[in-house]
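**Student:** My structure is stored as input26.txt, with compact mmCIF, C-alpha atoms.
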# COMPACT_ATOMS: atom_id res chain seq x y z
CA MET A 1 -19.43 12.02 1.48
CA VAL A 2 -16.90 10.81 -1.08
CA THR A 3 -14.17 12.99 0.42
CA ALA A 4 -14.94 11.76 3.94
CA LEU A 5 -14.85 8.11 2.83
CA ALA A 6 -11.54 8.64 1.04
CA LEU A 7 -9.96 10.32 4.09
CA VAL A 8 -11.18 7.59 6.45
CA THR A 9 -9.72 5.09 3.97
CA ALA A 10 -6.38 6.89 4.19
CA VAL A 11 -6.40 6.63 7.98
CA ALA A 12 -7.24 2.92 7.90
CA PHE A 13 -4.53 2.21 5.33
CA GLY A 14 -1.98 4.23 7.31
CA VAL A 15 -2.58 2.37 10.58
CA ALA A 16 -2.74 -1.02 8.82
CA ASP A 17 0.57 -0.38 7.04
CA PHE A 18 2.31 0.68 10.23
CA LEU A 19 1.11 -2.40 12.11
CA GLY A 20 1.98 -4.75 9.25
CA GLY A 21 5.43 -3.20 8.89
CA ALA A 22 6.06 -3.40 12.63
CA VAL A 23 5.19 -7.11 12.71
CA SER A 24 7.29 -7.77 9.59
CA ARG A 25 10.33 -6.37 11.37
CA ARG A 26 9.97 -9.11 13.97
CA SER A 27 9.19 -11.82 11.40
CA THR A 28 8.92 -11.57 7.60
CA ALA A 29 6.52 -9.93 5.19
CA LEU A 30 5.10 -13.22 3.94
CA LYS A 31 4.61 -14.71 7.39
CA THR A 32 2.91 -11.54 8.55
CA LEU A 33 0.56 -11.57 5.57
CA ALA A 34 -0.13 -15.28 6.13
CA LEU A 35 -1.96 -14.15 9.28
CA SER A 36 -3.41 -10.82 8.21
CA ALA A 37 -4.69 -11.79 4.74
CA PRO A 38 -7.05 -14.61 5.89
CA MET A 39 -8.44 -12.37 8.61
CA GLY A 40 -9.05 -9.67 6.04
CA LEU A 41 -10.90 -12.10 3.80
CA LEU A 42 -13.10 -13.25 6.69
CA VAL A 43 -14.04 -9.67 7.57
CA VAL A 44 -14.89 -8.79 3.97
CA VAL A 45 -17.04 -11.89 3.42
CA VAL A 46 -19.04 -11.13 6.57
CA ALA A 47 -19.43 -7.50 5.47
CA ALA A 48 -20.51 -8.58 1.98
CA LEU A 49 -23.17 -10.89 3.41
CA LEU A 50 -24.51 -8.11 5.61
CA ALA A 51 -24.39 -5.45 2.87
CA GLY A 52 -26.26 -7.56 0.35
CA GLY A 53 -25.80 -7.27 -3.38
CA ALA A 54 -25.59 -9.95 -6.03
CA PRO A 55 -22.33 -11.95 -6.06
CA ALA A 56 -22.04 -11.74 -9.86
CA PRO A 57 -19.20 -13.80 -11.41
CA GLY A 58 -17.91 -10.97 -13.61
CA PRO A 59 -17.26 -8.35 -10.90
CA ILE A 60 -15.88 -11.01 -8.54
CA ALA A 61 -13.48 -12.26 -11.22
CA LEU A 62 -12.31 -8.72 -11.97
CA GLY A 63 -11.87 -8.11 -8.26
CA PHE A 64 -9.83 -11.33 -8.05
CA LEU A 65 -7.48 -10.12 -10.79
CA GLY A 66 -7.08 -6.83 -8.98
CA GLY A 67 -6.38 -8.73 -5.78
CA LEU A 68 -3.52 -10.60 -7.46
CA THR A 69 -1.86 -7.27 -8.22
CA GLY A 70 -2.68 -5.97 -4.75
CA GLY A 71 -1.15 -9.09 -3.20
CA VAL A 72 2.14 -8.52 -5.00
CA GLY A 73 2.00 -4.91 -3.83
CA LEU A 74 1.40 -5.91 -0.20
CA ILE A 75 4.28 -8.40 -0.16
CA THR A 76 6.66 -5.88 -1.67
CA PHE A 77 5.40 -3.09 0.57
CA TYR A 78 5.71 -5.03 3.83
CA ARG A 79 9.20 -6.12 2.82
CA ALA A 80 10.04 -2.48 2.13
CA LEU A 81 8.65 -1.40 5.51
CA ALA A 82 10.74 -4.08 7.22
CA ARG A 83 13.94 -3.07 5.37
CA GLY A 84 13.69 0.70 5.10
CA PRO A 85 12.54 3.66 7.20
CA MET A 86 8.74 3.82 7.28
CA ASN A 87 8.85 7.59 6.84
CA VAL A 88 10.53 7.06 3.46
CA VAL A 89 8.86 3.87 2.24
CA ALA A 90 5.25 4.90 2.88
CA PRO A 91 5.38 8.23 0.98
CA VAL A 92 7.15 6.72 -2.05
CA SER A 93 4.59 3.93 -2.31
CA ALA A 94 1.68 6.32 -1.85
CA LEU A 95 2.86 8.76 -4.48
CA ALA A 96 3.38 5.98 -7.00
CA SER A 97 -0.07 4.60 -6.25
CA ALA A 98 -1.60 8.04 -6.81
CA VAL A 99 0.06 8.86 -10.13
CA LEU A 100 -1.28 5.83 -12.03
CA PRO A 101 -4.96 6.36 -11.15
CA VAL A 102 -4.64 10.04 -12.01
CA GLY A 103 -3.36 9.06 -15.45
CA ALA A 104 -6.11 6.49 -15.83
CA GLY A 105 -8.67 9.08 -14.80
CA VAL A 106 -7.44 11.41 -17.52
CA LEU A 107 -7.77 8.63 -20.09
CA ARG A 108 -11.30 7.98 -18.86
CA GLY A 109 -12.15 11.59 -19.63
CA GLU A 110 -11.93 13.00 -16.11
CA ARG A 111 -11.11 16.70 -16.25
CA MET A 112 -7.59 17.60 -15.18
CA ASP A 113 -6.58 21.26 -15.26
CA GLU A 114 -3.10 22.78 -15.19
CA THR A 115 -3.05 22.87 -11.39
CA ALA A 116 -3.62 19.13 -11.10
CA LEU A 117 -1.05 18.39 -13.80
CA LEU A 118 1.50 20.48 -11.93
CA GLY A 119 0.67 18.50 -8.81
CA VAL A 120 1.38 15.22 -10.59
CA LEU A 121 4.76 16.54 -11.74
CA LEU A 122 5.59 17.61 -8.19
CA CYS A 123 4.67 14.13 -6.97
CA LEU A 124 7.15 12.61 -9.41
CA VAL A 125 9.87 15.00 -8.23
CA ALA A 126 9.03 14.14 -4.62
CA ILE A 127 9.48 10.43 -5.31
CA GLY A 128 13.04 11.08 -6.44
CA LEU A 129 13.87 13.31 -3.46
CA VAL A 130 12.33 11.12 -0.77
CA SER A 131 13.95 8.01 -2.28
CA MET A 132 17.49 9.29 -1.72
CA GLU A 133 18.91 6.97 0.91
CA LYS A 134 22.24 7.53 2.59
CA GLY A 135 24.33 4.39 2.74
CA GLY A 136 26.34 3.49 5.79
CA GLU A 137 30.10 3.84 5.95
CA GLY A 138 31.65 2.09 2.98
CA GLU A 139 28.27 1.26 1.54
CA PRO A 140 26.95 2.43 -1.83
CA SER A 141 24.08 4.90 -1.95
CA GLY A 142 21.71 6.22 -4.58
CA ALA A 143 21.75 4.55 -7.99
CA ALA A 144 24.75 2.36 -7.14
CA SER A 145 22.88 0.89 -4.17
CA LEU A 146 19.81 0.17 -6.32
CA LEU A 147 21.91 -1.60 -8.96
CA ARG A 148 23.87 -3.66 -6.46
CA ARG A 149 21.07 -4.55 -4.03
CA PRO A 150 17.71 -3.88 -5.69
CA LEU A 151 15.75 -6.21 -3.39
CA ASP A 152 17.20 -4.52 -0.30
CA SER A 153 16.29 -1.00 -1.37
CA GLY A 154 13.27 0.19 0.59
CA PRO A 155 12.37 3.04 -1.80
CA LEU A 156 12.68 0.85 -4.92
CA MET A 157 10.45 -1.82 -3.42
CA ALA A 158 8.07 0.92 -2.31
CA LEU A 159 7.92 2.21 -5.88
CA VAL A 160 7.04 -1.28 -7.14
CA SER A 161 4.40 -1.75 -4.45
CA GLY A 162 2.89 1.66 -5.17
CA SER A 163 2.59 0.80 -8.85
CA CYS A 164 0.78 -2.42 -7.94
CA PHE A 165 -1.57 -0.54 -5.63
CA GLY A 166 -2.25 1.98 -8.38
CA VAL A 167 -3.32 -0.80 -10.74
CA PHE A 168 -5.47 -2.26 -7.97
CA PHE A 169 -7.21 1.10 -7.47
CA ILE A 170 -7.88 1.36 -11.19
CA VAL A 171 -9.35 -2.15 -11.36
CA LEU A 172 -11.73 -1.46 -8.47
CA LYS A 173 -13.05 1.59 -10.29
CA ALA A 174 -13.57 -0.52 -13.43
CA VAL A 175 -15.61 -3.13 -11.52
CA GLY A 176 -18.59 -0.80 -11.19
CA ASP A 177 -21.32 -0.94 -8.57
CA GLY A 178 -24.34 -3.18 -8.16
CA ALA A 179 -22.46 -6.18 -6.79
CA GLY A 180 -22.24 -5.06 -3.18
CA LEU A 181 -18.88 -5.78 -1.55
CA TRP A 182 -18.40 -9.10 -3.34
CA PRO A 183 -15.74 -7.70 -5.71
CA ILE A 184 -13.68 -6.86 -2.62
CA ALA A 185 -14.15 -10.43 -1.40
CA GLY A 186 -12.86 -11.62 -4.76
CA ALA A 187 -9.92 -9.26 -4.42
CA ARG A 188 -9.04 -10.64 -1.00
CA VAL A 189 -9.11 -14.17 -2.41
CA GLY A 190 -6.68 -13.01 -5.10
CA THR A 191 -4.40 -11.46 -2.48
CA LEU A 192 -4.55 -14.60 -0.36
CA THR A 193 -3.65 -16.71 -3.41
CA VAL A 194 -0.53 -14.62 -4.10
CA VAL A 195 0.56 -14.59 -0.45
CA PHE A 196 0.32 -18.35 0.13
CA THR A 197 1.83 -19.17 -3.26
CA ALA A 198 4.80 -16.92 -2.54
CA LEU A 199 5.14 -18.32 0.98
CA LEU A 200 5.08 -21.91 -0.26
CA ILE A 201 7.73 -21.17 -2.87
CA ALA A 202 9.89 -19.36 -0.30
CA LEU A 203 9.66 -22.19 2.23
CA ARG A 204 10.60 -24.76 -0.40
CA THR A 205 13.51 -22.70 -1.67
CA ARG A 206 16.82 -23.27 0.04
CA GLY A 207 17.47 -20.28 2.22
CA GLY A 208 14.05 -18.82 1.42
CA ASP A 209 11.82 -16.77 3.73
CA ARG A 210 14.22 -16.58 6.64
CA GLY A 211 12.98 -15.29 9.92
CA PRO A 212 10.75 -16.58 12.71
CA TRP A 213 7.03 -17.11 12.46
CA VAL A 214 4.82 -14.49 14.05
CA SER A 215 4.42 -15.51 17.68
CA GLY A 216 3.19 -14.05 20.92
CA ARG A 217 -0.26 -12.62 21.59
CA ALA A 218 0.80 -9.04 20.95
CA LEU A 219 2.37 -9.64 17.53
CA ILE A 220 -0.39 -12.00 16.40
CA GLY A 221 -3.00 -9.48 17.50
CA LEU A 222 -1.26 -6.67 15.61
CA ALA A 223 -1.04 -8.81 12.47
CA LEU A 224 -4.74 -9.69 12.65
CA LEU A 225 -5.70 -6.06 13.30
CA SER A 226 -3.60 -5.03 10.30
CA GLY A 227 -5.57 -7.43 8.11
CA ILE A 228 -8.90 -6.13 9.40
CA LEU A 229 -7.96 -2.50 8.80
CA ASP A 230 -6.51 -3.20 5.36
CA SER A 231 -9.60 -5.05 4.16
CA GLY A 232 -11.82 -2.37 5.68
CA ALA A 233 -9.85 0.30 3.83
CA ASN A 234 -10.29 -1.62 0.58
CA ALA A 235 -14.05 -1.71 1.10
CA LEU A 236 -14.22 1.99 1.95
CA TYR A 237 -12.14 2.90 -1.10
CA TYR A 238 -14.41 0.80 -3.31
CA LEU A 239 -17.50 2.58 -2.00
CA ALA A 240 -15.89 6.00 -2.43
CA VAL A 241 -14.55 5.45 -5.95
CA GLN A 242 -17.90 4.24 -7.26
CA ASP A 243 -19.41 7.65 -6.47
CA GLY A 244 -16.40 9.89 -7.10
CA LEU A 245 -13.65 10.59 -9.60
CA LEU A 246 -10.90 7.97 -9.72
CA SER A 247 -8.18 10.61 -9.69
CA LEU A 248 -9.62 12.48 -6.71
CA VAL A 249 -10.39 9.44 -4.54
CA ALA A 250 -7.03 7.80 -5.28
CA VAL A 251 -5.08 10.93 -4.36
CA LEU A 252 -7.00 11.48 -1.13
CA THR A 253 -6.51 7.82 -0.24
CA SER A 254 -2.79 8.24 -0.89
CA LEU A 255 -2.55 10.63 2.04
CA TYR A 256 -2.18 7.57 4.28
CA PRO A 257 1.61 8.00 4.74
CA ALA A 258 0.89 10.91 7.10
CA ILE A 259 -0.53 8.37 9.57
CA THR A 260 2.22 5.81 8.99
CA VAL A 261 4.97 8.42 9.33
CA MET A 262 3.43 9.85 12.49
CA LEU A 263 3.21 6.43 14.12
CA ALA A 264 6.75 5.53 13.02
CA ARG A 265 8.05 8.80 14.44
CA VAL A 266 6.50 7.98 17.81
CA ALA A 267 7.41 4.28 17.89
CA TYR A 268 10.86 4.29 16.26
CA SER A 269 11.96 7.93 16.52
CA GLU A 270 12.63 7.92 12.78
CA ARG A 271 14.04 11.10 11.28
CA LEU A 272 14.28 12.36 7.71
CA ARG A 273 17.41 13.67 5.99
CA ALA A 274 17.30 17.26 4.73
CA VAL A 275 16.71 16.24 1.11
CA GLN A 276 13.99 13.86 2.21
CA ARG A 277 12.28 16.59 4.22
CA VAL A 278 12.29 18.70 1.07
CA GLY A 279 10.80 15.72 -0.78
CA MET A 280 8.06 15.39 1.82
CA ALA A 281 7.23 19.09 1.49
CA VAL A 282 7.10 18.76 -2.29
CA ALA A 283 4.92 15.68 -1.89
CA VAL A 284 2.44 17.56 0.31
CA ALA A 285 2.33 20.38 -2.22
CA GLY A 286 1.87 17.95 -5.11
CA VAL A 287 -0.95 16.01 -3.47
CA ALA A 288 -2.64 19.27 -2.48
CA LEU A 289 -2.47 20.60 -6.05
CA VAL A 290 -3.84 17.36 -7.47
CA THR A 291 -6.68 17.44 -4.97
CA VAL A 292 -7.56 21.06 -5.70
CA GLY A 293 -7.30 20.49 -9.43
Spell out the structure here as structure tokens.
**Tutor:**
Amino acid sequence: MVTALALVTAVAFGVADFLGGAVSRRSTALKTLALSAPMGLLVVVVAALLAGGAPAPGPIALGFLGGLTGGVGLITFYRALARGPMNVVAPVSALASAVLPVGAGVLRGERMDETALLGVLLCLVAIGLVSMEKGGEGEPSGAASLLRRPLDSGPLMALVSGSCFGVFFIVLKAVGDGAGLWPIAGARVGTLTVVFTALLIALRTRGGDRGPWVSGRALIGLALLSGILDSGANALYYLAVQDGLLSLVAVLTSLYPAITVMLARVAYSERLRAVQRVGMAVAVAGVALVTVG
């Protein structure tokens, strides 16, 4: 049951990330989240009311703190999806989000054998390989590109977002059960707080948050659907991690790039460089080893 929930979570995250990234390419990350985040909160509140459970202040507050971190991760991730190839950004973020919970699981006393440890090392190697972007003619690439334009580097932003997601996953495990889905509602409030604060600052800053608002039925619908799927994935992950090992559930959830990459390949005909294909293969091997371990 835990494995099934984690895999369904991965699918929901993968579709939500693709949709959010697609809308962000037509607008901006913040303006996309300004639509998707409130919808996500509405869905979670309704689900929490239906699921029951006591809305205890402690778990809700902890969920809120996790949501603040998750909000930063979402903003950075959507910006990365809008700036860089989805088939590079999604795996980097996912691998980063998997490594932190695995480490936290070890500290919590979860058993990790040599196979799983080898998988974690392979994941770290994969991050480096998949993150190797090729600059255009006359443009810097690799480390020089990151130093000169850190906010325009899709893989670097993906690494930051993945770290934020990893912390968010750890916090949800620490919340514990018994409070229904109300901790997830608190988390969505935290995410919404970060999104609208960042949007307000960007709009008031000269030259901030450039780009049109999300408009048109199709784009608005995709943004809202992204919010629904993302909040649903959060709820499913929370249910799975309460019954399973943090390291196992987090790694299975981090398989979501397979969905994002597949959709990006169909929609945008994105292709990987040779070194990035090697990185993807190493990533698959690493995640598989962690899961088996």
**Student:** In terms of the shortest atom-to-atom distance over all atoms listed in the file, which of A:Gly63, A:Gly58, A:Gly244, A:Gly178 is closest to Leu5 in chain A?
**Tutor:**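 Ranked by minimum distance to Leu5 in chain A, first place goes to A:Gly244.
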**Student:** Could you pull the residues within 8 Å of Leu122 in chain A, counting all atoms listed in the file, minus those fewer than 5 positions along the same chain, as a PyMOL selection string?
**Tutor:** chain A and resi 282-283+285-286
**Student:** Using all atoms of range 240-249 of chain A that appear in the file, construct an axis-aligned enclosing box with 4 Å of padding on every side and provide its centre coordinates and edge lengths in Å, rounded to one decimal, as AutoDock Vina command-line options.
**Tutor:**
--center_x -13.8 --center_y 8.4 --center_z -6.1 --size_x 19.2 --size_y 16.2 --size_z 15.3
**Student:** Can you work out the spacing between CA of Leu252 in chain A and CA of Ala56 in chain A in Å, to one decimal?
**Tutor:** 29.0 Å
**Student:** Which is closer to Ala90 in chain A than all the others in A:Leu7, A:Leu224, A:Leu35, A:Val261, using all atoms listed in the file?
**Tutor:**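 Nearest candidate to Ala90 in chain A out of A:Leu7, A:Leu224, A:Leu35, A:Val261: A:Val261.
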**Student:** Go through A:Ile184, A:Val175, A:Leu30, A:Val249 and flag the residue nearest Ala235 in chain A, using only C-alpha atoms for the distances.
**Tutor:** A:Ile184
**Student:** Scan for residues within 10 Å of the point (-15.6, -3.5, 0.9) in the coordinates of the file, using all atoms listed in the file, and reply as an NGL selection string.
**Tutor:** :A and (43-45 or 47-48 or 51 or 180-185 or 187-188 or 231-239)
**Student:** Those residues with C-alpha atoms, as an mmCIF file, in the frame of the given file please?
**Tutor:**
data_model
loop_
_atom_site.group_PDB
_atom_site.id
_atom_site.type_symbol
_atom_site.label_atom_id
_atom_site.label_comp_id
_atom_site.auth_asym_id
_atom_site.auth_seq_id
_atom_site.Cartn_x
_atom_site.Cartn_y
_atom_site.Cartn_z
ATOM 1 C CA VAL A 43 -14.040 -9.670 7.570
ATOM 2 C CA VAL A 44 -14.890 -8.790 3.970
ATOM 3 C CA VAL A 45 -17.040 -11.890 3.420
ATOM 4 C CA ALA A 47 -19.430 -7.500 5.470
ATOM 5 C CA ALA A 48 -20.510 -8.580 1.980
ATOM 6 C CA ALA A 51 -24.390 -5.450 2.870
ATOM 7 C CA GLY A 180 -22.240 -5.060 -3.180
ATOM 8 C CA LEU A 181 -18.880 -5.780 -1.550
ATOM 9 C CA TRP A 182 -18.400 -9.100 -3.340
ATOM 10 C CA PRO A 183 -15.740 -7.700 -5.710
ATOM 11 C CA ILE A 184 -13.680 -6.860 -2.620
ATOM 12 C CA ALA A 185 -14.150 -10.430 -1.400
ATOM 13 C CA ALA A 187 -9.920 -9.260 -4.420
ATOM 14 C CA ARG A 188 -9.040 -10.640 -1.000
ATOM 15 C CA SER A 231 -9.600 -5.050 4.160
ATOM 16 C CA GLY A 232 -11.820 -2.370 5.680
ATOM 17 C CA ALA A 233 -9.850 0.300 3.830
ATOM 18 C CA ASN A 234 -10.290 -1.620 0.580
ATOM 19 C CA ALA A 235 -14.050 -1.710 1.100
ATOM 20 C CA LEU A 236 -14.220 1.990 1.950
ATOM 21 C CA TYR A 237 -12.140 2.900 -1.100
ATOM 22 C CA TYR A 238 -14.410 0.800 -3.310
ATOM 23 C CA LEU A 239 -17.500 2.580 -2.000
#
**Student:** Please, what distance in Å, to one decimal, runs between CA of Thr191 in chain A and CA of Leu41 in chain A?
**Tutor:**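 Here the two named atoms are 9.1 Å from each other.
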